[in-house]
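J.: Pasting query_4.csv below, which is CSV, C-alpha atoms.
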chain,number,residue,atom,x,y,z
A,907,MET,CA,34.0,67.0,71.9
A,908,THR,CA,32.0,67.3,68.7
A,909,THR,CA,28.4,68.4,68.9
A,910,ALA,CA,26.1,67.8,66.0
A,911,LEU,CA,23.1,69.9,65.2
A,912,PHE,CA,20.2,68.3,63.3
A,913,SER,CA,17.4,70.4,61.9
A,914,HIS,CA,15.5,70.8,58.6
A,915,SER,CA,13.7,73.6,56.9
A,916,ALA,CA,10.6,71.4,56.5
A,917,CYS,CA,10.0,71.8,60.3
A,918,LEU,CA,9.2,75.5,59.5
A,919,ASP,CA,6.4,74.3,57.2
A,920,HIS,CA,4.4,72.8,60.1
A,921,ASP,CA,1.9,75.7,60.2
A,922,THR,CA,-0.2,75.7,63.3
A,923,GLY,CA,-2.2,78.8,62.5
A,924,PRO,CA,-2.3,82.3,63.9
A,925,HIS,CA,-1.7,82.8,67.6
A,926,HIS,CA,-0.7,79.2,68.3
A,927,PRO,CA,2.2,79.0,70.8
A,928,GLU,CA,4.0,76.2,69.0
A,929,ARG,CA,4.8,78.1,65.9
A,930,ALA,CA,7.6,78.3,63.3
A,931,ALA,CA,9.0,81.4,64.9
A,932,ARG,CA,10.3,79.2,67.7
A,933,LEU,CA,12.6,77.4,65.4
A,934,ARG,CA,13.7,80.5,63.6
A,935,ALA,CA,14.7,82.1,66.9
A,936,ILE,CA,16.7,79.1,67.9
A,937,MET,CA,18.5,78.9,64.5
A,938,THR,CA,19.3,82.6,64.6
A,939,ALA,CA,20.8,82.2,68.1
A,940,LEU,CA,22.9,79.3,66.9
A,941,GLU,CA,24.4,81.4,64.2
A,942,ALA,CA,26.5,83.3,66.8
A,943,PRO,CA,30.3,82.9,66.4
A,944,GLU,CA,30.6,80.6,69.5
A,945,PHE,CA,28.6,78.0,67.6
A,946,ALA,CA,30.8,78.0,64.5
A,947,GLU,CA,32.1,74.5,65.4
A,948,LEU,CA,28.7,72.8,65.4
A,949,GLU,CA,28.5,70.0,62.9
A,950,ARG,CA,25.3,70.9,61.1
A,951,HIS,CA,23.1,68.3,59.4
A,952,ASP,CA,19.8,68.2,57.6
A,953,ALA,CA,17.5,65.8,59.4
A,954,PRO,CA,16.8,62.7,57.4
A,955,LEU,CA,13.2,61.6,56.7
A,956,ALA,CA,12.0,58.9,59.2
A,957,THR,CA,10.2,56.0,57.6
A,958,ILE,CA,6.9,54.5,58.6
A,959,ALA,CA,8.8,51.5,60.0
A,960,ASP,CA,10.9,53.9,62.1
A,961,ILE,CA,7.7,55.4,63.6
A,962,GLU,CA,6.2,51.9,64.1
A,963,ARG,CA,8.9,51.2,66.7
A,964,VAL,CA,6.6,52.9,69.2
A,965,HIS,CA,3.3,53.7,67.5
A,966,PRO,CA,1.0,51.1,65.9
A,967,ARG,CA,1.0,51.3,62.1
A,968,ASP,CA,-2.7,52.0,61.8
A,969,HIS,CA,-2.2,55.0,64.1
A,970,VAL,CA,0.7,56.3,62.1
A,971,VAL,CA,-1.3,56.0,58.9
A,972,LYS,CA,-4.2,57.8,60.6
A,973,VAL,CA,-2.1,60.7,61.8
A,974,LEU,CA,-0.5,61.2,58.4
A,975,ALA,CA,-3.9,60.9,56.7
A,976,ALA,CA,-5.2,63.7,58.9
A,977,VAL,CA,-2.7,66.2,57.3
A,978,PRO,CA,-4.9,68.3,55.0
A,979,LYS,CA,-4.0,69.3,51.4
A,980,SER,CA,-4.8,72.9,52.2
A,981,GLY,CA,-5.8,74.9,55.3
A,982,TYR,CA,-5.8,73.4,58.8
A,983,ALA,CA,-7.1,70.4,60.5
A,984,SER,CA,-7.4,69.7,64.3
A,985,ILE,CA,-6.3,66.4,65.8
A,986,ASP,CA,-7.4,67.8,69.2
A,987,GLY,CA,-8.0,71.3,70.5
A,988,ASP,CA,-4.3,72.0,70.9
A,989,THR,CA,-2.8,70.0,68.0
A,990,ILE,CA,-3.2,71.5,64.6
A,991,VAL,CA,-1.9,70.2,61.3
A,992,SER,CA,-1.4,71.8,57.9
A,993,PRO,CA,-0.1,70.6,54.5
A,994,GLY,CA,3.6,70.7,55.7
A,995,SER,CA,3.0,68.8,59.0
A,996,GLY,CA,3.5,65.3,57.7
A,997,GLU,CA,7.0,65.9,56.4
A,998,ALA,CA,7.9,68.0,59.5
A,999,ALA,CA,6.9,65.2,61.8
A,1000,LEU,CA,8.9,62.7,59.9
A,1001,ARG,CA,11.9,65.0,59.8
A,1002,ALA,CA,11.6,65.6,63.6
A,1003,ALA,CA,11.7,61.9,64.3
A,1004,GLY,CA,14.4,61.5,61.6
A,1005,ALA,CA,16.6,64.0,63.3
A,1006,VAL,CA,16.7,62.0,66.5
A,1007,ILE,CA,17.5,58.8,64.5
A,1008,GLY,CA,20.2,60.7,62.6
A,1009,ALA,CA,21.6,61.9,65.9
A,1010,VAL,CA,21.7,58.3,67.3
A,1011,ASP,CA,23.6,57.2,64.2
A,1012,ALA,CA,26.1,60.1,64.7
A,1013,VAL,CA,26.9,59.3,68.3
A,1014,PHE,CA,27.1,55.6,67.7
A,1015,GLY,CA,29.0,56.0,64.5
A,1016,GLY,CA,31.6,58.3,66.1
A,1017,SER,CA,31.1,61.4,63.9
A,1018,ALA,CA,29.7,63.2,67.0
A,1019,THR,CA,30.0,62.9,70.7
A,1020,ASN,CA,26.6,64.4,71.4
A,1021,ALA,CA,23.8,66.1,69.4
A,1022,PHE,CA,21.0,68.6,69.6
A,1023,CYS,CA,17.9,68.2,67.4
A,1024,ALA,CA,16.3,71.6,66.7
A,1025,VAL,CA,13.0,70.3,65.4
A,1026,ARG,CA,9.2,70.7,65.6
A,1027,PRO,CA,6.6,69.4,66.1
A,1028,PRO,CA,7.7,68.2,69.6
A,1029,GLY,CA,7.0,64.7,70.8
A,1030,HIS,CA,6.8,63.9,74.5
A,1031,HIS,CA,3.0,64.1,74.8
A,1032,ALA,CA,2.4,61.7,71.9
A,1033,GLU,CA,1.1,58.5,73.4
A,1034,PRO,CA,1.2,55.1,71.6
A,1035,ASP,CA,-2.1,55.7,69.8
A,1036,GLN,CA,-2.9,59.3,70.4
A,1037,ALA,CA,-1.3,62.5,69.0
A,1038,MET,CA,-1.9,65.4,71.5
A,1039,GLY,CA,-0.4,68.4,73.2
A,1040,PHE,CA,1.2,69.9,70.0
A,1041,CYS,CA,2.9,66.5,69.4
A,1042,LEU,CA,2.3,64.0,66.6
A,1043,PHE,CA,5.0,61.3,67.1
A,1044,ASN,CA,7.2,60.7,70.1
A,1045,ASN,CA,10.6,61.6,68.7
A,1046,VAL,CA,12.7,60.7,71.6
A,1047,ALA,CA,11.0,57.4,72.3
A,1048,ILE,CA,11.4,56.5,68.6
A,1049,GLY,CA,15.1,57.3,69.0
A,1050,ALA,CA,15.4,55.2,72.1
A,1051,ARG,CA,13.9,52.1,70.5
A,1052,TYR,CA,16.0,52.7,67.3
A,1053,ALA,CA,19.2,52.7,69.4
A,1054,ARG,CA,18.2,49.5,71.2
A,1055,GLU,CA,17.3,47.7,68.0
A,1056,THR,CA,20.0,49.0,65.7
A,1057,TYR,CA,23.0,49.5,68.0
A,1058,GLY,CA,22.2,47.1,70.8
A,1059,ALA,CA,22.0,49.8,73.4
A,1060,ARG,CA,21.1,47.9,76.6
A,1061,ARG,CA,19.9,50.6,78.9
A,1062,VAL,CA,18.6,53.9,77.6
A,1063,ALA,CA,17.6,56.9,79.8
A,1064,ILE,CA,15.4,59.8,78.9
A,1065,ILE,CA,15.6,62.9,81.0
A,1066,ASP,CA,12.8,65.4,80.5
A,1067,PHE,CA,12.9,68.9,82.0
A,1068,ASP,CA,10.0,70.4,80.0
A,1069,VAL,CA,7.5,72.2,82.3
A,1070,HIS,CA,4.8,69.8,81.2
A,1071,HIS,CA,5.0,66.1,82.1
A,1072,GLY,CA,5.8,63.8,79.2
A,1073,ASN,CA,2.8,61.6,79.5
A,1074,GLY,CA,3.4,60.0,76.1
A,1075,SER,CA,7.0,59.1,76.9
A,1076,GLN,CA,5.9,57.6,80.2
A,1077,ALA,CA,3.2,55.6,78.6
A,1078,LEU,CA,5.6,54.3,75.9
A,1079,ILE,CA,8.4,53.1,78.3
A,1080,GLU,CA,6.7,52.2,81.5
A,1081,ASN,CA,6.6,48.5,80.7
A,1082,ASP,CA,10.1,48.3,79.4
A,1083,ALA,CA,12.6,47.9,82.2
A,1084,ASN,CA,15.5,48.7,79.9
A,1085,ILE,CA,14.4,52.3,79.3
A,1086,PHE,CA,14.4,54.8,82.2
A,1087,TYR,CA,12.3,58.0,82.2
A,1088,ALA,CA,12.7,60.8,84.6
A,1089,SER,CA,10.8,64.2,84.6
A,1090,THR,CA,10.7,67.4,86.4
A,1091,HIS,CA,7.5,69.4,85.6
A,1092,GLN,CA,5.0,71.7,87.1
A,1093,SER,CA,2.1,70.1,88.9
A,1094,PRO,CA,-0.8,70.7,88.8
A,1095,LEU,CA,-0.6,71.5,85.0
A,1096,TYR,CA,-1.5,69.9,81.7
A,1097,PRO,CA,-1.6,67.0,81.1
A,1098,GLY,CA,-2.3,66.1,84.7
A,1099,THR,CA,0.1,63.0,84.9
A,1100,GLY,CA,3.5,62.6,86.4
A,1101,HIS,CA,2.8,62.1,90.1
A,1102,ALA,CA,5.7,61.0,92.3
A,1103,ARG,CA,3.9,57.7,93.1
A,1104,GLU,CA,4.1,56.7,89.4
A,1105,THR,CA,7.1,54.5,89.3
A,1106,ALA,CA,6.1,51.7,86.9
A,1107,LEU,CA,8.8,48.9,87.0
A,1108,GLY,CA,11.2,51.1,89.0
A,1109,ASN,CA,12.3,52.7,85.7
A,1110,LEU,CA,10.2,55.8,86.1
A,1111,VAL,CA,11.0,58.8,88.3
A,1112,ASN,CA,8.7,61.8,88.5
A,1113,ALA,CA,9.7,64.9,90.5
A,1114,PRO,CA,6.8,67.3,90.2
A,1115,LEU,CA,7.3,71.0,91.2
A,1116,ARG,CA,4.7,73.3,92.6
A,1117,PRO,CA,3.8,76.4,90.7
A,1118,GLY,CA,6.2,79.2,91.5
A,1119,SER,CA,9.1,76.8,92.1
A,1120,GLY,CA,12.5,78.1,90.9
A,1121,SER,CA,16.2,77.2,90.8
A,1122,ALA,CA,16.5,75.8,94.3
A,1123,GLU,CA,13.6,73.4,93.9
A,1124,PHE,CA,14.6,72.4,90.4
A,1125,ARG,CA,18.2,71.7,91.3
A,1126,HIS,CA,17.1,69.8,94.5
A,1127,ALA,CA,14.8,67.6,92.5
A,1128,PHE,CA,17.6,66.7,90.1
A,1129,SER,CA,20.4,66.3,92.8
A,1130,GLU,CA,18.3,64.4,95.4
A,1131,VAL,CA,15.8,62.5,93.3
A,1132,ILE,CA,16.7,62.1,89.6
A,1133,PHE,CA,20.5,61.9,89.6
A,1134,PRO,CA,20.8,59.1,92.2
A,1135,ALA,CA,18.2,57.1,90.3
A,1136,LEU,CA,19.9,57.7,87.0
A,1137,GLY,CA,23.3,56.7,88.4
A,1138,HIS,CA,21.7,53.5,89.8
A,1139,PHE,CA,20.2,52.7,86.3
A,1140,ALA,CA,23.6,53.3,84.7
A,1141,PRO,CA,22.5,53.9,81.1
A,1142,ASP,CA,24.7,53.4,78.0
A,1143,LEU,CA,22.8,56.1,76.0
A,1144,LEU,CA,21.2,59.3,77.4
A,1145,PHE,CA,18.4,61.3,75.8
A,1146,ILE,CA,17.2,64.7,76.9
A,1147,SER,CA,13.6,65.9,76.2
A,1148,ALA,CA,14.7,69.5,76.2
A,1149,GLY,CA,11.7,71.8,76.9
A,1150,PHE,CA,12.5,75.3,78.0
A,1151,ASP,CA,9.0,76.4,79.1
A,1152,ALA,CA,9.9,76.2,82.8
A,1153,HIS,CA,11.7,79.5,82.2
A,1154,ARG,CA,10.2,82.4,84.3
A,1155,ASP,CA,9.4,84.3,81.1
A,1156,ASP,CA,7.4,81.5,79.5
A,1157,PRO,CA,3.7,82.3,79.1
A,1158,LEU,CA,2.3,78.8,79.4
A,1159,ALA,CA,3.3,77.9,83.0
A,1160,ASN,CA,4.5,79.2,86.3
A,1161,LEU,CA,8.0,77.9,87.1
A,1162,GLN,CA,10.8,80.4,87.6
A,1163,LEU,CA,13.9,79.0,86.0
A,1164,ASP,CA,16.4,81.0,84.0
A,1165,GLU,CA,19.2,80.2,81.6
A,1166,SER,CA,21.7,79.4,84.4
A,1167,ASP,CA,19.5,76.4,85.4
A,1168,TYR,CA,19.5,75.0,81.9
A,1169,ALA,CA,23.3,75.4,81.7
A,1170,TRP,CA,23.7,73.7,85.0
A,1171,VAL,CA,21.4,70.7,84.3
A,1172,THR,CA,22.9,70.2,80.9
A,1173,SER,CA,26.4,70.2,82.2
A,1174,GLN,CA,25.4,67.7,84.9
A,1175,LEU,CA,23.9,65.4,82.3
A,1176,VAL,CA,26.9,65.7,80.0
A,1177,GLY,CA,28.9,64.5,83.1
A,1178,PHE,CA,26.6,61.5,83.4
A,1179,ALA,CA,27.0,60.7,79.8
A,1180,GLN,CA,30.8,60.8,80.1
A,1181,ARG,CA,30.6,58.5,83.1
A,1182,TYR,CA,28.2,55.9,81.8
A,1183,CYS,CA,27.6,56.3,78.1
A,1184,HIS,CA,31.0,56.9,76.4
A,1185,SER,CA,29.6,60.5,76.3
A,1186,ARG,CA,26.8,59.5,73.9
A,1187,LEU,CA,23.9,62.0,74.5
A,1188,VAL,CA,21.1,63.1,72.2
A,1189,SER,CA,18.9,66.1,73.1
A,1190,SER,CA,15.7,67.0,71.2
A,1191,LEU,CA,13.6,70.2,71.5
A,1192,GLU,CA,10.3,70.0,73.2
A,1193,GLY,CA,8.6,73.1,74.5
A,1194,GLY,CA,9.5,76.8,75.1
A,1195,TYR,CA,7.2,79.5,74.0
A,1196,ASP,CA,8.7,82.9,74.8
A,1197,LEU,CA,10.9,83.5,71.8
A,1198,GLU,CA,13.7,85.4,73.5
A,1199,ALA,CA,13.9,83.1,76.6
A,1200,LEU,CA,13.8,80.1,74.3
A,1201,ALA,CA,16.7,81.3,72.1
A,1202,ARG,CA,18.8,82.2,75.1
A,1203,SER,CA,18.1,78.9,76.9
A,1204,VAL,CA,18.8,76.8,73.8
A,1205,ALA,CA,22.1,78.7,73.4
A,1206,VAL,CA,23.3,77.9,76.9
A,1207,HIS,CA,22.1,74.3,76.5
A,1208,VAL,CA,24.0,73.8,73.3
A,1209,ALA,CA,27.1,75.6,74.6
A,1210,ALA,CA,27.1,73.2,77.6
A,1211,LEU,CA,26.9,70.2,75.2
A,1212,MET,CA,29.8,71.6,73.2
A,1213,ALA,CA,31.9,72.3,76.3
A,1214,GLY,CA,31.6,68.7,77.5
Turn this file's structure into structure tokens for me.
T.:
Amino acid sequence: MTTALFSHSACLDHDTGPHHPERAARLRAIMTALEAPEFAELERHDAPLATIADIERVHPRDHVVKVLAAVPKSGYASIDGDTIVSPGSGEAALRAAGAVIGAVDAVFGGSATNAFCAVRPPGHHAEPDQAMGFCLFNNVAIGARYARETYGARRVAIIDFDVHHGNGSQALIENDANIFYASTHQSPLYPGTGHARETALGNLVNAPLRPGSGSAEFRHAFSEVIFPALGHFAPDLLFISAGFDAHRDDPLANLQLDESDYAWVTSQLVGFAQRYCHSRLVSSLEGGYDLEALARSVAVHVAALMAG
């Protein structure tokens, strides 16, 4: 089992300003945690730079150009009240999407069994023509379409355990029966989407969790709702939108997970990848805003990927 790590120093240059929760310190904390001796066998790669054509697989070209044009030459600019860009944001966003593309190349090319992309900005709130919720481009959706077009992946699944629903991922895949999206998330909470009744073409499974829910509710949602649907879909490539803000220490929400829950769900998903996908699995960072909880949670997530 070879696990690849994709990241890039440019992702640190996406400066969101003082006091913003989606800050460069998140990535620094993760990379420090992954320097521990148990991660010595990680295959480490610089994330390549995605092209405009890569981003256009899910976002219209005029929107891509508009987002990149919003990046200021100095200071800060606001795409919305939550989504701030600075001079380094354009390259960071292209590296974040490029990391997922590079990870897809690695798992299909045989140089890695699975991969984790330690990148920012995150992506799962980015809708086809709207950057929002700290997200500029939808990294995982771009990777899913790239895998289908480049490697002929027939059925691609995206599993999202961020505490916030991935409204952008849902909007991008809901009319594509060959891409499956499943999410656990706190509800009610931003962005207000992700109701259980939202099923699209049968390729969409939402398992909302009430505020205060913890390990029992989270594991039940996966075991009784998401895993049966994932097995029925039988993907040949599995993505994880790996947000760690459902942790009990996270300041932006009210779920009560801990590291053991992330280790458990990752191990379960690795098992699905072994069963259906020739072990091909690509995970990409989404949320997680308490630095210590984030670092510990990513560490157990990557350890589970490496353990197979």
J.: What's the separation between CA of Ala1063 (chain A) and CA of Leu1143 (chain A), in Å to one decimal place?
T.: 6.5 Å
J.: Just to confirm, what's the straight-line distance from CA of Arg1154 (chain A) to CA of Ala1210 (chain A) in Å (one decimal)?
T.: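 Computing it gives 20.4 Å between the two atoms.
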J.: Hey, what's within 6 Å of region 1073-1090 of chain A if we count only C-alpha atoms and toss same-chain stuff fewer than 2 positions away? As a JSON list (two decimals) with C-alpha atoms, keeping the file's coordinate frame, please?
T.:
[["chain", "number", "residue", "atom", "x", "y", "z"],
["A", 1030, "HIS", "CA", 6.80, 63.90, 74.50],
["A", 1031, "HIS", "CA", 3.00, 64.10, 74.80],
["A", 1032, "ALA", "CA", 2.40, 61.70, 71.90],
["A", 1033, "GLU", "CA", 1.10, 58.50, 73.40],
["A", 1061, "ARG", "CA", 19.90, 50.60, 78.90],
["A", 1062, "VAL", "CA", 18.60, 53.90, 77.60],
["A", 1063, "ALA", "CA", 17.60, 56.90, 79.80],
["A", 1064, "ILE", "CA", 15.40, 59.80, 78.90],
["A", 1065, "ILE", "CA", 15.60, 62.90, 81.00],
["A", 1066, "ASP", "CA", 12.80, 65.40, 80.50],
["A", 1067, "PHE", "CA", 12.90, 68.90, 82.00],
["A", 1071, "HIS", "CA", 5.00, 66.10, 82.10],
["A", 1106, "ALA", "CA", 6.10, 51.70, 86.90],
["A", 1109, "ASN", "CA", 12.30, 52.70, 85.70],
["A", 1110, "LEU", "CA", 10.20, 55.80, 86.10],
["A", 1111, "VAL", "CA", 11.00, 58.80, 88.30],
["A", 1112, "ASN", "CA", 8.70, 61.80, 88.50],
["A", 1113, "ALA", "CA", 9.70, 64.90, 90.50],
["A", 1114, "PRO", "CA", 6.80, 67.30, 90.20]]
J.: Smallest atom-to-atom distance to Gly1194 (chain A): which of A:Ala1209, A:Leu1163, A:Ala1047, A:Val1171, using only C-alpha atoms?
T.: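 Distance minimum relative to Gly1194 (chain A) lands on A:Leu1163.
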J.: Which residue, A:Val1188, A:Ile1146, A:Leu1115, A:Ala1024, has the smallest gap to Pro1094 (chain A) when you use only C-alpha atoms?
T.: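 Result for the nearest residue to Pro1094 (chain A): A:Leu1115.
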J.: Residues at most 12 Å from Ala946 (chain A), counting all atoms listed in the file, excluding those fewer than 4 positions away in the same chain, as JSON, numbers by chain?
T.: {"A": [908, 909, 910, 911, 939, 940, 941, 942, 950, 1208, 1209, 1212]}
J.: What does the distance from CA of Pro1027 (chain A) to CA of Asp960 (chain A) come to in Å, to one decimal?
T.: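 So the two atoms, CA of Pro1027 (chain A) and CA of Asp960 (chain A), lie 16.6 Å apart.
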J.: For a quick check of understanding, using all atoms listed in the file, which of A:Arg1202, A:Arg1125, A:His969, A:Arg1186 has the smallest distance to Ser1017 (chain A)?
T.: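 Between A:Arg1202, A:Arg1125, A:His969, A:Arg1186, the residue approaching Ser1017 (chain A) most closely is A:Arg1186.
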J.: Which of these residues is nearest to His926 (chain A), using all atoms listed in the file: A:Gly1118, A:Gly1100, A:Gly987, A:Pro954?
T.: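 Looking at the shortest contact to His926 (chain A), the residue is A:Gly987.
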J.: Within 10 Å of (25.8, 70.7, 83.7) in the file's own coordinates, which protein, DNA or RNA residues have an atom, counting all atoms listed in the file? List them as a CSV table (one decimal) with C-alpha atoms, in the frame of the given file.
T.:
chain,number,residue,atom,x,y,z
A,1166,SER,CA,21.7,79.4,84.4
A,1167,ASP,CA,19.5,76.4,85.4
A,1168,TYR,CA,19.5,75.0,81.9
A,1169,ALA,CA,23.3,75.4,81.7
A,1170,TRP,CA,23.7,73.7,85.0
A,1171,VAL,CA,21.4,70.7,84.3
A,1172,THR,CA,22.9,70.2,80.9
A,1173,SER,CA,26.4,70.2,82.2
A,1174,GLN,CA,25.4,67.7,84.9
A,1175,LEU,CA,23.9,65.4,82.3
A,1176,VAL,CA,26.9,65.7,80.0
A,1177,GLY,CA,28.9,64.5,83.1
A,1178,PHE,CA,26.6,61.5,83.4
A,1207,HIS,CA,22.1,74.3,76.5
A,1210,ALA,CA,27.1,73.2,77.6
A,1211,LEU,CA,26.9,70.2,75.2
A,1213,ALA,CA,31.9,72.3,76.3
A,1214,GLY,CA,31.6,68.7,77.5
J.: Restricting the calculation to only C-alpha atoms: of A:Leu1042, A:Ser1121, A:Arg1181, A:Leu1107, which residue gets closest to Gly1137 (chain A)?
T.: A:Arg1181
J.: Which of these residues is nearest to Asp986 (chain A), using all atoms listed in the file: A:Phe1145, A:Phe1139, A:Phe1128, A:Phe1040?
T.: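 Checking each of A:Phe1145, A:Phe1139, A:Phe1128, A:Phe1040 against Asp986 (chain A), counting all atoms listed in the file, the winner is A:Phe1040.
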J.: Residues at most 7 Å from region 918-921 of chain A, counting all atoms listed in the file, excluding those fewer than 4 positions away in the same chain, as number ranges by chain?
T.: A: 929-930, 991-992, 994-995, 998
J.: Contacts of Ala1012 (chain A) at 8 Å or less, counting all atoms listed in the file, minus same-chain residues fewer than 6 places along, as a list in words?
T.: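 Final neighbour list, sorted by chain and number: Ala910, Ala1018, Thr1019, Asn1020 and Ala1021 of chain A.
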J.: Mind checking which residues fall within 6 Å of Ser1190 (chain A), counting only C-alpha atoms, ignoring those fewer than 5 positions away in the same chain, and posting them as a ChimeraX atom specification?
T.: /A:1022-1023,1147-1148
J.: Store the residues of this selection in a file with C-alpha atoms, as a short mmCIF file (atom, residue, chain, number, x, y, z; two decimals), in the coordinates of the input.
T.:
data_model
loop_
_atom_site.label_atom_id
_atom_site.label_comp_id
_atom_site.auth_asym_id
_atom_site.auth_seq_id
_atom_site.Cartn_x
_atom_site.Cartn_y
_atom_site.Cartn_z
CA PHE A 1022 21.00 68.60 69.60
CA CYS A 1023 17.90 68.20 67.40
CA SER A 1147 13.60 65.90 76.20
CA ALA A 1148 14.70 69.50 76.20
#
